[in-house]
>>> print(open('start31.cif').read())   # mmCIF, C-alpha atoms
data_entry
loop_
_atom_site.group_PDB
_atom_site.id
_atom_site.type_symbol
_atom_site.label_atom_id
_atom_site.label_comp_id
_atom_site.auth_asym_id
_atom_site.auth_seq_id
_atom_site.Cartn_x
_atom_site.Cartn_y
_atom_site.Cartn_z
ATOM 1 C CA MET A 1 57.496 3.751 -64.186
ATOM 2 C CA SER A 2 55.082 4.811 -61.459
ATOM 3 C CA ARG A 3 51.596 3.390 -61.312
ATOM 4 C CA PRO A 4 48.847 5.840 -62.398
ATOM 5 C CA ARG A 5 46.730 7.254 -59.580
ATOM 6 C CA ALA A 6 43.374 5.464 -59.295
ATOM 7 C CA SER A 7 40.259 7.580 -59.605
ATOM 8 C CA LEU A 8 37.816 7.382 -56.685
ATOM 9 C CA ALA A 9 35.026 7.123 -59.237
ATOM 10 C CA ASN A 10 36.470 3.802 -60.393
ATOM 11 C CA LEU A 11 37.085 2.338 -56.929
ATOM 12 C CA ASP A 12 34.796 0.023 -54.995
ATOM 13 C CA LEU A 13 35.086 1.362 -51.461
ATOM 14 C CA ASN A 14 33.623 -1.879 -50.123
ATOM 15 C CA LEU A 15 36.970 -3.418 -51.037
ATOM 16 C CA VAL A 16 38.690 -0.978 -48.686
ATOM 17 C CA VAL A 17 36.544 -2.194 -45.782
ATOM 18 C CA PHE A 18 37.175 -5.831 -46.679
ATOM 19 C CA LEU A 19 40.909 -5.175 -47.077
ATOM 20 C CA ARG A 20 41.097 -3.715 -43.560
ATOM 21 C CA GLU A 21 39.365 -6.714 -41.998
ATOM 22 C CA LEU A 22 41.381 -9.146 -44.094
ATOM 23 C CA LEU A 23 44.661 -7.627 -42.942
ATOM 24 C CA ARG A 24 43.476 -7.552 -39.330
ATOM 25 C CA GLU A 25 42.173 -11.118 -39.240
ATOM 26 C CA ARG A 26 44.566 -12.734 -41.740
ATOM 27 C CA ASN A 27 41.714 -15.084 -42.482
ATOM 28 C CA VAL A 28 39.091 -14.822 -45.234
ATOM 29 C CA THR A 29 36.312 -16.506 -43.233
ATOM 30 C CA ARG A 30 36.738 -14.290 -40.161
ATOM 31 C CA ALA A 31 36.983 -11.173 -42.349
ATOM 32 C CA ALA A 32 33.703 -12.167 -44.016
ATOM 33 C CA GLU A 33 32.035 -12.589 -40.612
ATOM 34 C CA ARG A 34 33.319 -9.191 -39.439
ATOM 35 C CA ILE A 35 31.669 -7.320 -42.294
ATOM 36 C CA GLY A 36 28.648 -9.610 -42.675
ATOM 37 C CA VAL A 37 29.192 -11.063 -46.161
ATOM 38 C CA THR A 38 29.124 -14.629 -47.448
ATOM 39 C CA GLN A 39 32.220 -16.740 -47.922
ATOM 40 C CA PRO A 40 31.890 -16.678 -51.759
ATOM 41 C CA ALA A 41 31.607 -12.874 -51.702
ATOM 42 C CA ALA A 42 34.704 -12.628 -49.501
ATOM 43 C CA SER A 43 36.671 -14.977 -51.775
ATOM 44 C CA ALA A 44 35.672 -12.893 -54.793
ATOM 45 C CA ALA A 45 36.774 -9.715 -52.998
ATOM 46 C CA LEU A 46 40.152 -11.270 -52.186
ATOM 47 C CA LEU A 47 40.606 -12.249 -55.830
ATOM 48 C CA ARG A 48 39.857 -8.671 -56.932
ATOM 49 C CA LEU A 49 42.320 -7.278 -54.410
ATOM 50 C CA ARG A 50 45.015 -9.693 -55.540
ATOM 51 C CA ARG A 51 44.478 -8.638 -59.138
ATOM 52 C CA HIS A 52 44.502 -4.960 -58.246
ATOM 53 C CA PHE A 53 47.716 -5.103 -56.234
ATOM 54 C CA ALA A 54 49.308 -7.896 -58.291
ATOM 55 C CA ASP A 55 50.159 -9.542 -54.982
ATOM 56 C CA GLU A 56 48.943 -12.552 -52.999
ATOM 57 C CA LEU A 57 48.456 -10.438 -49.826
ATOM 58 C CA LEU A 58 47.910 -13.592 -47.720
ATOM 59 C CA VAL A 59 50.602 -16.260 -47.931
ATOM 60 C CA ARG A 60 50.247 -19.710 -46.391
ATOM 61 C CA ASN A 61 52.815 -20.513 -43.713
ATOM 62 C CA GLY A 62 52.162 -24.007 -42.426
ATOM 63 C CA ALA A 63 48.612 -24.159 -41.061
ATOM 64 C CA GLN A 64 48.249 -20.366 -40.970
ATOM 65 C CA PHE A 65 48.325 -17.391 -43.297
ATOM 66 C CA VAL A 66 50.744 -14.494 -42.940
ATOM 67 C CA LEU A 67 50.812 -11.112 -44.619
ATOM 68 C CA SER A 68 53.008 -10.580 -47.637
ATOM 69 C CA PRO A 69 55.516 -7.676 -47.429
ATOM 70 C CA LEU A 70 53.126 -5.528 -49.491
ATOM 71 C CA ALA A 71 50.215 -6.479 -47.223
ATOM 72 C CA GLU A 72 52.255 -5.444 -44.174
ATOM 73 C CA GLN A 73 52.721 -2.039 -45.815
ATOM 74 C CA LEU A 74 49.025 -1.785 -46.695
ATOM 75 C CA ALA A 75 48.038 -2.659 -43.115
ATOM 76 C CA GLY A 76 49.628 0.559 -41.919
ATOM 77 C CA GLN A 77 47.913 2.602 -44.631
ATOM 78 C CA VAL A 78 44.377 1.246 -44.632
ATOM 79 C CA GLU A 79 43.586 2.017 -40.976
ATOM 80 C CA PRO A 80 43.815 5.831 -41.219
ATOM 81 C CA VAL A 81 41.992 5.705 -44.561
ATOM 82 C CA CYS A 82 39.041 3.826 -43.021
ATOM 83 C CA GLU A 83 39.023 6.042 -39.936
ATOM 84 C CA GLY A 84 38.863 9.075 -42.203
ATOM 85 C CA LEU A 85 35.966 7.604 -44.184
ATOM 86 C CA GLU A 86 34.100 6.682 -41.007
ATOM 87 C CA ALA A 87 34.599 10.188 -39.600
ATOM 88 C CA LEU A 88 33.386 11.649 -42.892
ATOM 89 C CA PHE A 89 30.167 9.671 -42.980
ATOM 90 C CA VAL A 90 29.233 10.175 -39.325
ATOM 91 C CA THR A 91 29.553 13.922 -39.780
ATOM 92 C CA THR A 92 26.087 15.404 -39.931
ATOM 93 C CA GLY A 93 24.421 18.733 -39.577
ATOM 94 C CA ASP A 94 21.928 19.310 -36.827
ATOM 95 C CA PHE A 95 20.661 15.964 -35.571
ATOM 96 C CA ARG A 96 16.887 15.877 -35.340
ATOM 97 C CA PRO A 97 15.970 12.759 -33.322
ATOM 98 C CA GLU A 98 12.286 13.081 -34.170
ATOM 99 C CA ASP A 99 13.136 12.750 -37.890
ATOM 100 C CA SER A 100 16.078 10.361 -37.705
ATOM 101 C CA GLN A 101 16.016 6.793 -39.024
ATOM 102 C CA ARG A 102 19.542 5.966 -37.914
ATOM 103 C CA GLU A 103 20.369 2.605 -36.350
ATOM 104 C CA PHE A 104 22.463 2.605 -33.167
ATOM 105 C CA THR A 105 24.379 -0.480 -32.055
ATOM 106 C CA LEU A 106 25.237 -1.218 -28.417
ATOM 107 C CA LEU A 107 27.097 -4.203 -26.967
ATOM 108 C CA MET A 108 26.204 -5.146 -23.385
ATOM 109 C CA PRO A 109 25.755 -8.133 -21.051
ATOM 110 C CA ASP A 110 22.238 -9.353 -20.357
ATOM 111 C CA TYR A 111 22.553 -7.829 -16.876
ATOM 112 C CA ALA A 112 22.744 -4.362 -18.429
ATOM 113 C CA VAL A 113 19.727 -5.174 -20.593
ATOM 114 C CA CYS A 114 17.755 -5.986 -17.438
ATOM 115 C CA ALA A 115 19.074 -2.901 -15.651
ATOM 116 C CA LEU A 116 18.247 -0.292 -18.286
ATOM 117 C CA GLY A 117 16.925 -1.966 -21.442
ATOM 118 C CA GLU A 118 13.254 -1.145 -20.969
ATOM 119 C CA SER A 119 13.835 2.447 -19.881
ATOM 120 C CA LEU A 120 16.233 2.962 -22.812
ATOM 121 C CA SER A 121 13.692 1.530 -25.240
ATOM 122 C CA ARG A 122 10.940 3.790 -23.913
ATOM 123 C CA ALA A 123 13.151 6.896 -23.966
ATOM 124 C CA MET A 124 14.323 6.303 -27.536
ATOM 125 C CA TYR A 125 10.814 5.533 -28.736
ATOM 126 C CA ARG A 126 9.404 8.723 -27.226
ATOM 127 C CA ALA A 127 12.156 11.013 -28.491
ATOM 128 C CA ALA A 128 13.075 9.335 -31.787
ATOM 129 C CA PRO A 129 10.461 6.787 -32.893
ATOM 130 C CA GLY A 130 12.099 6.343 -36.301
ATOM 131 C CA THR A 131 15.497 5.321 -34.969
ATOM 132 C CA ARG A 132 16.474 1.666 -34.697
ATOM 133 C CA LEU A 133 18.459 -0.040 -31.965
ATOM 134 C CA HIS A 134 20.655 -3.122 -32.401
ATOM 135 C CA VAL A 135 21.492 -4.640 -29.015
ATOM 136 C CA LYS A 136 24.292 -7.204 -29.172
ATOM 137 C CA ILE A 137 24.590 -9.413 -26.086
ATOM 138 C CA VAL A 138 28.049 -10.167 -24.717
ATOM 139 C CA ASN A 139 28.816 -13.860 -25.055
ATOM 140 C CA GLU A 140 31.066 -15.038 -22.211
ATOM 141 C CA ALA A 141 33.548 -12.142 -22.402
ATOM 142 C CA LEU A 142 34.036 -8.698 -23.882
ATOM 143 C CA PRO A 143 36.000 -8.398 -27.129
ATOM 144 C CA THR A 144 39.745 -8.671 -26.619
ATOM 145 C CA ASP A 145 40.265 -5.475 -28.628
ATOM 146 C CA PRO A 146 37.448 -3.105 -27.616
ATOM 147 C CA LEU A 147 38.972 -0.139 -29.474
ATOM 148 C CA ASP A 148 38.742 -2.143 -32.673
ATOM 149 C CA THR A 149 35.160 -3.165 -31.871
ATOM 150 C CA LEU A 150 34.142 0.420 -31.149
ATOM 151 C CA ARG A 151 35.179 1.421 -34.657
ATOM 152 C CA VAL A 152 32.108 -0.387 -35.985
ATOM 153 C CA ILE A 153 29.529 -0.045 -33.174
ATOM 154 C CA ASP A 154 28.274 2.920 -31.167
ATOM 155 C CA GLY A 155 29.084 1.790 -27.655
ATOM 156 C CA ILE A 156 29.793 -0.866 -25.067
ATOM 157 C CA ILE A 157 28.054 -0.919 -21.690
ATOM 158 C CA SER A 158 30.303 -2.598 -19.146
ATOM 159 C CA ALA A 159 32.062 -2.297 -15.836
ATOM 160 C CA PRO A 160 35.579 -0.853 -16.235
ATOM 161 C CA THR A 161 38.238 -3.308 -17.358
ATOM 162 C CA GLN A 162 41.890 -2.837 -18.181
ATOM 163 C CA ALA A 163 41.166 -3.404 -21.877
ATOM 164 C CA LEU A 164 38.592 -0.598 -21.881
ATOM 165 C CA ARG A 165 40.954 1.828 -20.166
ATOM 166 C CA THR A 166 42.697 2.408 -23.486
ATOM 167 C CA ALA A 167 43.752 5.561 -25.306
ATOM 168 C CA GLY A 168 41.076 6.447 -27.812
ATOM 169 C CA ILE A 169 38.166 5.108 -25.736
ATOM 170 C CA ARG A 170 35.920 7.527 -23.857
ATOM 171 C CA ASP A 171 33.594 6.623 -20.992
ATOM 172 C CA LEU A 172 30.594 7.923 -19.092
ATOM 173 C CA GLU A 173 29.495 6.493 -15.759
ATOM 174 C CA LEU A 174 25.891 5.343 -16.003
ATOM 175 C CA PHE A 175 24.989 3.894 -12.613
ATOM 176 C CA ARG A 176 26.263 2.095 -9.552
ATOM 177 C CA ASP A 177 24.956 -1.128 -8.140
ATOM 178 C CA ARG A 178 25.740 -3.479 -5.284
ATOM 179 C CA TRP A 179 26.053 -7.210 -4.813
ATOM 180 C CA VAL A 180 23.330 -9.285 -3.208
ATOM 181 C CA CYS A 181 22.939 -13.027 -2.673
ATOM 182 C CA VAL A 182 20.132 -15.229 -3.946
ATOM 183 C CA ILE A 183 19.407 -18.400 -1.976
ATOM 184 C CA ASP A 184 16.575 -20.907 -1.569
ATOM 185 C CA ARG A 185 14.085 -19.563 0.955
ATOM 186 C CA HIS A 186 14.130 -22.819 2.962
ATOM 187 C CA HIS A 187 17.901 -22.894 3.324
ATOM 188 C CA PRO A 188 19.087 -22.398 6.954
ATOM 189 C CA ALA A 189 21.406 -19.601 5.873
ATOM 190 C CA ALA A 190 18.517 -17.655 4.324
ATOM 191 C CA GLU A 191 17.809 -15.947 7.673
ATOM 192 C CA ARG A 192 21.357 -14.671 8.044
ATOM 193 C CA LEU A 193 24.004 -15.228 5.410
ATOM 194 C CA ALA A 194 27.590 -14.718 6.624
ATOM 195 C CA LEU A 195 30.937 -14.649 4.840
ATOM 196 C CA PRO A 196 31.846 -18.197 5.986
ATOM 197 C CA ASP A 197 28.635 -19.399 4.326
ATOM 198 C CA LEU A 198 29.883 -18.093 0.991
ATOM 199 C CA GLU A 199 33.048 -20.134 1.463
ATOM 200 C CA GLU A 200 31.105 -23.324 2.282
ATOM 201 C CA LEU A 201 28.099 -23.244 -0.044
ATOM 202 C CA PRO A 202 28.260 -24.347 -3.681
ATOM 203 C CA TRP A 203 27.938 -21.430 -6.102
ATOM 204 C CA VAL A 204 26.112 -20.678 -9.312
ATOM 205 C CA VAL A 205 28.421 -18.385 -11.299
ATOM 206 C CA PRO A 206 27.714 -16.618 -14.609
ATOM 207 C CA HIS A 207 30.373 -16.480 -17.319
ATOM 208 C CA HIS A 208 32.859 -18.479 -15.271
ATOM 209 C CA PRO A 209 35.930 -19.840 -17.091
ATOM 210 C CA ASP A 210 36.177 -23.566 -17.628
ATOM 211 C CA GLY A 211 38.013 -25.099 -14.723
ATOM 212 C CA GLY A 212 37.949 -22.167 -12.478
ATOM 213 C CA TYR A 213 40.174 -19.231 -11.793
ATOM 214 C CA PRO A 214 40.750 -16.387 -12.034
ATOM 215 C CA ALA A 215 37.040 -15.849 -11.753
ATOM 216 C CA SER A 216 35.153 -13.989 -14.421
ATOM 217 C CA TYR A 217 34.999 -10.227 -14.080
ATOM 218 C CA PRO A 218 33.176 -8.533 -12.332
ATOM 219 C CA LEU A 219 33.067 -11.194 -9.585
ATOM 220 C CA THR A 220 36.858 -11.217 -9.197
ATOM 221 C CA PRO A 221 37.052 -8.445 -6.526
ATOM 222 C CA LEU A 222 34.402 -10.175 -4.419
ATOM 223 C CA LEU A 223 35.914 -13.649 -4.600
ATOM 224 C CA SER A 224 39.330 -12.255 -3.718
ATOM 225 C CA ARG A 225 37.931 -11.370 -0.277
ATOM 226 C CA LEU A 226 37.209 -14.981 0.591
ATOM 227 C CA SER A 227 39.793 -17.019 2.470
ATOM 228 C CA ARG A 228 39.355 -19.898 0.055
ATOM 229 C CA ARG A 229 37.839 -20.545 -3.321
ATOM 230 C CA PRO A 230 34.177 -21.535 -3.230
ATOM 231 C CA ARG A 231 33.036 -24.607 -5.108
ATOM 232 C CA VAL A 232 31.376 -23.700 -8.386
ATOM 233 C CA ALA A 233 28.478 -26.126 -8.887
ATOM 234 C CA VAL A 234 26.895 -24.483 -11.926
ATOM 235 C CA ARG A 235 28.456 -22.320 -14.618
ATOM 236 C CA VAL A 236 25.943 -20.532 -16.836
ATOM 237 C CA ASP A 237 26.640 -18.161 -19.715
ATOM 238 C CA SER A 238 24.040 -15.634 -18.646
ATOM 239 C CA TYR A 239 23.511 -13.340 -15.677
ATOM 240 C CA ARG A 240 19.757 -13.488 -16.237
ATOM 241 C CA ALA A 241 19.636 -17.300 -16.016
ATOM 242 C CA THR A 242 21.593 -17.576 -12.762
ATOM 243 C CA PRO A 243 18.683 -17.733 -10.220
ATOM 244 C CA TYR A 244 17.036 -20.647 -12.030
ATOM 245 C CA PHE A 245 19.801 -22.916 -10.739
ATOM 246 C CA VAL A 246 19.399 -21.881 -7.091
ATOM 247 C CA ALA A 247 15.790 -22.730 -6.185
ATOM 248 C CA GLY A 248 15.380 -26.100 -4.458
ATOM 249 C CA THR A 249 19.118 -26.507 -3.821
ATOM 250 C CA ASP A 250 21.737 -25.524 -1.228
ATOM 251 C CA ARG A 251 23.452 -23.292 -3.791
ATOM 252 C CA VAL A 252 24.016 -19.562 -3.603
ATOM 253 C CA ALA A 253 24.341 -17.014 -6.371
ATOM 254 C CA VAL A 254 25.903 -13.596 -5.976
ATOM 255 C CA MET A 255 24.119 -11.158 -8.257
ATOM 256 C CA GLN A 256 23.798 -7.504 -9.088
ATOM 257 C CA ARG A 257 20.924 -5.957 -7.143
ATOM 258 C CA ARG A 258 19.227 -4.417 -10.196
ATOM 259 C CA LEU A 259 18.975 -7.862 -11.723
ATOM 260 C CA ALA A 260 18.141 -9.741 -8.529
ATOM 261 C CA VAL A 261 15.089 -7.633 -7.718
ATOM 262 C CA THR A 262 13.450 -8.839 -10.924
ATOM 263 C CA PHE A 263 13.204 -12.216 -9.135
ATOM 264 C CA ALA A 264 11.840 -10.797 -5.865
ATOM 265 C CA ASP A 265 8.442 -12.458 -6.381
ATOM 266 C CA HIS A 266 9.857 -15.938 -7.055
ATOM 267 C CA PRO A 267 8.171 -18.228 -4.485
ATOM 268 C CA ASP A 268 11.309 -20.273 -3.708
ATOM 269 C CA LEU A 269 13.964 -17.578 -3.557
ATOM 270 C CA VAL A 270 15.046 -14.876 -1.149
ATOM 271 C CA ILE A 271 17.460 -12.032 -1.801
ATOM 272 C CA VAL A 272 19.748 -11.023 1.043
ATOM 273 C CA PRO A 273 22.582 -8.505 1.370
ATOM 274 C CA CYS A 274 25.959 -9.872 0.382
ATOM 275 C CA PRO A 275 28.275 -10.284 3.393
ATOM 276 C CA GLY A 276 31.878 -9.169 3.423
ATOM 277 C CA ASP A 277 31.323 -5.573 2.284
ATOM 278 C CA PRO A 278 32.017 -6.297 -1.409
ATOM 279 C CA PRO A 279 33.114 -3.415 -3.631
ATOM 280 C CA GLU A 280 30.506 -1.380 -5.458
ATOM 281 C CA ILE A 281 29.635 -2.190 -9.067
ATOM 282 C CA VAL A 282 30.197 0.633 -11.555
ATOM 283 C CA GLU A 283 28.699 0.422 -15.046
ATOM 284 C CA CYS A 284 29.810 2.763 -17.830
ATOM 285 C CA LEU A 285 29.125 3.535 -21.451
ATOM 286 C CA TRP A 286 32.278 3.312 -23.621
ATOM 287 C CA TRP A 287 32.698 4.733 -27.136
ATOM 288 C CA HIS A 288 35.361 5.552 -29.725
ATOM 289 C CA HIS A 289 36.837 9.043 -29.504
ATOM 290 C CA ARG A 290 36.113 9.737 -33.184
ATOM 291 C CA VAL A 291 32.392 10.191 -32.413
ATOM 292 C CA ASP A 292 32.953 12.590 -29.505
ATOM 293 C CA ASP A 293 31.476 15.515 -31.421
ATOM 294 C CA ASP A 294 28.973 13.664 -33.587
ATOM 295 C CA PRO A 295 25.534 15.169 -32.771
ATOM 296 C CA SER A 296 23.670 11.878 -33.087
ATOM 297 C CA HIS A 297 26.097 10.112 -30.786
ATOM 298 C CA ARG A 298 25.963 12.926 -28.246
ATOM 299 C CA TRP A 299 22.183 12.506 -28.276
ATOM 300 C CA LEU A 300 22.525 8.734 -27.790
ATOM 301 C CA ARG A 301 24.855 9.191 -24.817
ATOM 302 C CA GLY A 302 22.367 11.513 -23.201
ATOM 303 C CA VAL A 303 19.473 9.096 -23.699
ATOM 304 C CA VAL A 304 21.451 6.144 -22.325
ATOM 305 C CA ARG A 305 22.480 8.184 -19.291
ATOM 306 C CA GLN A 306 18.885 9.265 -18.684
ATOM 307 C CA ALA A 307 17.665 5.665 -18.960
ATOM 308 C CA ALA A 308 20.306 4.470 -16.491
ATOM 309 C CA ARG A 309 19.049 6.855 -13.816
ATOM 310 C CA ILE A 310 15.772 4.927 -13.578
ATOM 311 C CA SER A 311 16.637 2.395 -10.899
ATOM 312 C CA PRO A 312 14.740 -0.231 -8.902
ATOM 313 C CA ASP A 313 14.036 1.418 -5.548
ATOM 314 C CA THR A 314 13.208 -1.649 -3.452
ATOM 315 C CA ASP A 315 14.938 -1.492 -0.080
ATOM 316 C CA LEU A 316 17.010 -4.516 0.748
ATOM 317 C CA GLY A 317 17.028 -5.818 4.234
ATOM 318 C CA MET A 318 15.772 -9.151 3.089
ATOM 319 C CA ILE A 319 13.308 -9.387 0.212
ATOM 320 C CA THR A 320 11.042 -12.397 0.471
ATOM 321 C CA ALA A 321 8.994 -14.053 -2.229
ATOM 322 C CA SER A 322 6.167 -11.598 -1.625
ATOM 323 C CA GLY A 323 8.536 -8.662 -2.009
ATOM 324 C CA HIS A 324 8.202 -7.607 1.668
ATOM 325 C CA THR A 325 10.888 -7.544 4.307
ATOM 326 C CA PRO A 326 10.150 -9.983 7.128
ATOM 327 C CA GLY A 327 8.736 -8.493 10.317
#
>>> encode(input="start31.cif", output="structure tokens")
Amino acid sequence: MSRPRASLANLDLNLVVFLRELLRERNVTRAAERIGVTQPAASAALLRLRRHFADELLVRNGAQFVLSPLAEQLAGQVEPVCEGLEALFVTTGDFRPEDSQREFTLLMPDYAVCALGESLSRAMYRAAPGTRLHVKIVNEALPTDPLDTLRVIDGIISAPTQALRTAGIRDLELFRDRWVCVIDRHHPAAERLALPDLEELPWVVPHHPDGGYPASYPLTPLLSRLSRRPRVAVRVDSYRATPYFVAGTDRVAVMQRRLAVTFADHPDLVIVPCPGDPPEIVECLWWHHRVDDDPSHRWLRGVVRQAARISPDTDLGMITASGHTPG
């Protein structure tokens, strides 16, 4: 005898969202973190799902949980259901930014915050003062499954990576930047930094993996041009914090120019062009294809692009602590 069709009026659609994350993560705690609920609430949701389907869904296998046969079947069904619901609820009529109270969520490294955060904040405030912005800072590395992440946030700002070049992810180039070096102003190499200096000096490197190599992206293309691996003296999980570990030492940091110029008035640092003709830095906005035609998201993409065009215009021969090039 077939099971009667459930009425939408009697369904808790929050359970659908939890079911998707549960089947993805195969772990109640991680599923709870993904959707922002407490552990007791997640355990209660799992109990309700087990009662509804008359199935365990998650089955212990040694130290891990695996999906039951029914859960494997549900995993293939719940994804298109959730995508359809998400597409339904992002569909709007004419988007009026001046009246909107929508919250937008962007994931980016702290470098991108320094590069365009203030101009983005000003632009959004002027055009849509009622909207809210949730900026999530990348911790160490981008998500391993960006397509999955972009189902629940509005965009990622990042240099291109292989993981982002995925079917279903769209991109828009925001700006280009170049590498510069930050070094103590009293260091002998501060007058003229050459490629061999980069191979000899100890480095301060942001988001560098424990133990070494391959180096963290986006420094990989630059380091590949050196004849040998430099010695990493300081690893720091922030682009913004990097210069603080250079002053008063013989260390060097290779940084993005847009970020480095924010330290141009530091009394103990100088910023010099990076030797070796390193490749250009390209930063893009990435989003899920399902919001291509959403009016509010189209507006957001335009505002982010406009904000990215506001760039530090300091010329770099050498920028000293006073912000002037030496005569």
>>> residues_around(input="start31.cif", residues="segment 191-206 of chain A", least_positions_apart="2", cutoff="7 Å", atoms="only C-alpha atoms", output="list in words")
Pro188, Ala189, His208, Leu226, Arg228, Arg229, Pro230, Arg231, Val232, Ala233, Val234, Arg235, Val236, Asp237, Ser238, Tyr239, Thr242, Phe245, Asp250, Arg251, Val252, Ala253, Pro275 and Gly276 of chain A
>>> closest_residue(input="start31.cif", among="A:Gln39, A:Thr220, A:Ser121, A:Thr249", to="His187 of chain A", atoms="all atoms listed in the file")
A:Thr249
>>> closest_residue(input="start31.cif", among="A:His134, A:Arg257, A:His207, A:Arg102", to="Arg178 of chain A", atoms="only C-alpha atoms")
A:Arg257
>>> closest_residue(input="start31.cif", among="A:Thr262, A:Ala241, A:Ala75, A:Ala308", to="Arg122 of chain A", atoms="all atoms listed in the file")
A:Ala308
>>> closest_residue(input="start31.cif", among="A:Phe104, A:Tyr111, A:Phe53, A:Phe65", to="Leu300 of chain A", atoms="only C-alpha atoms")
A:Phe104
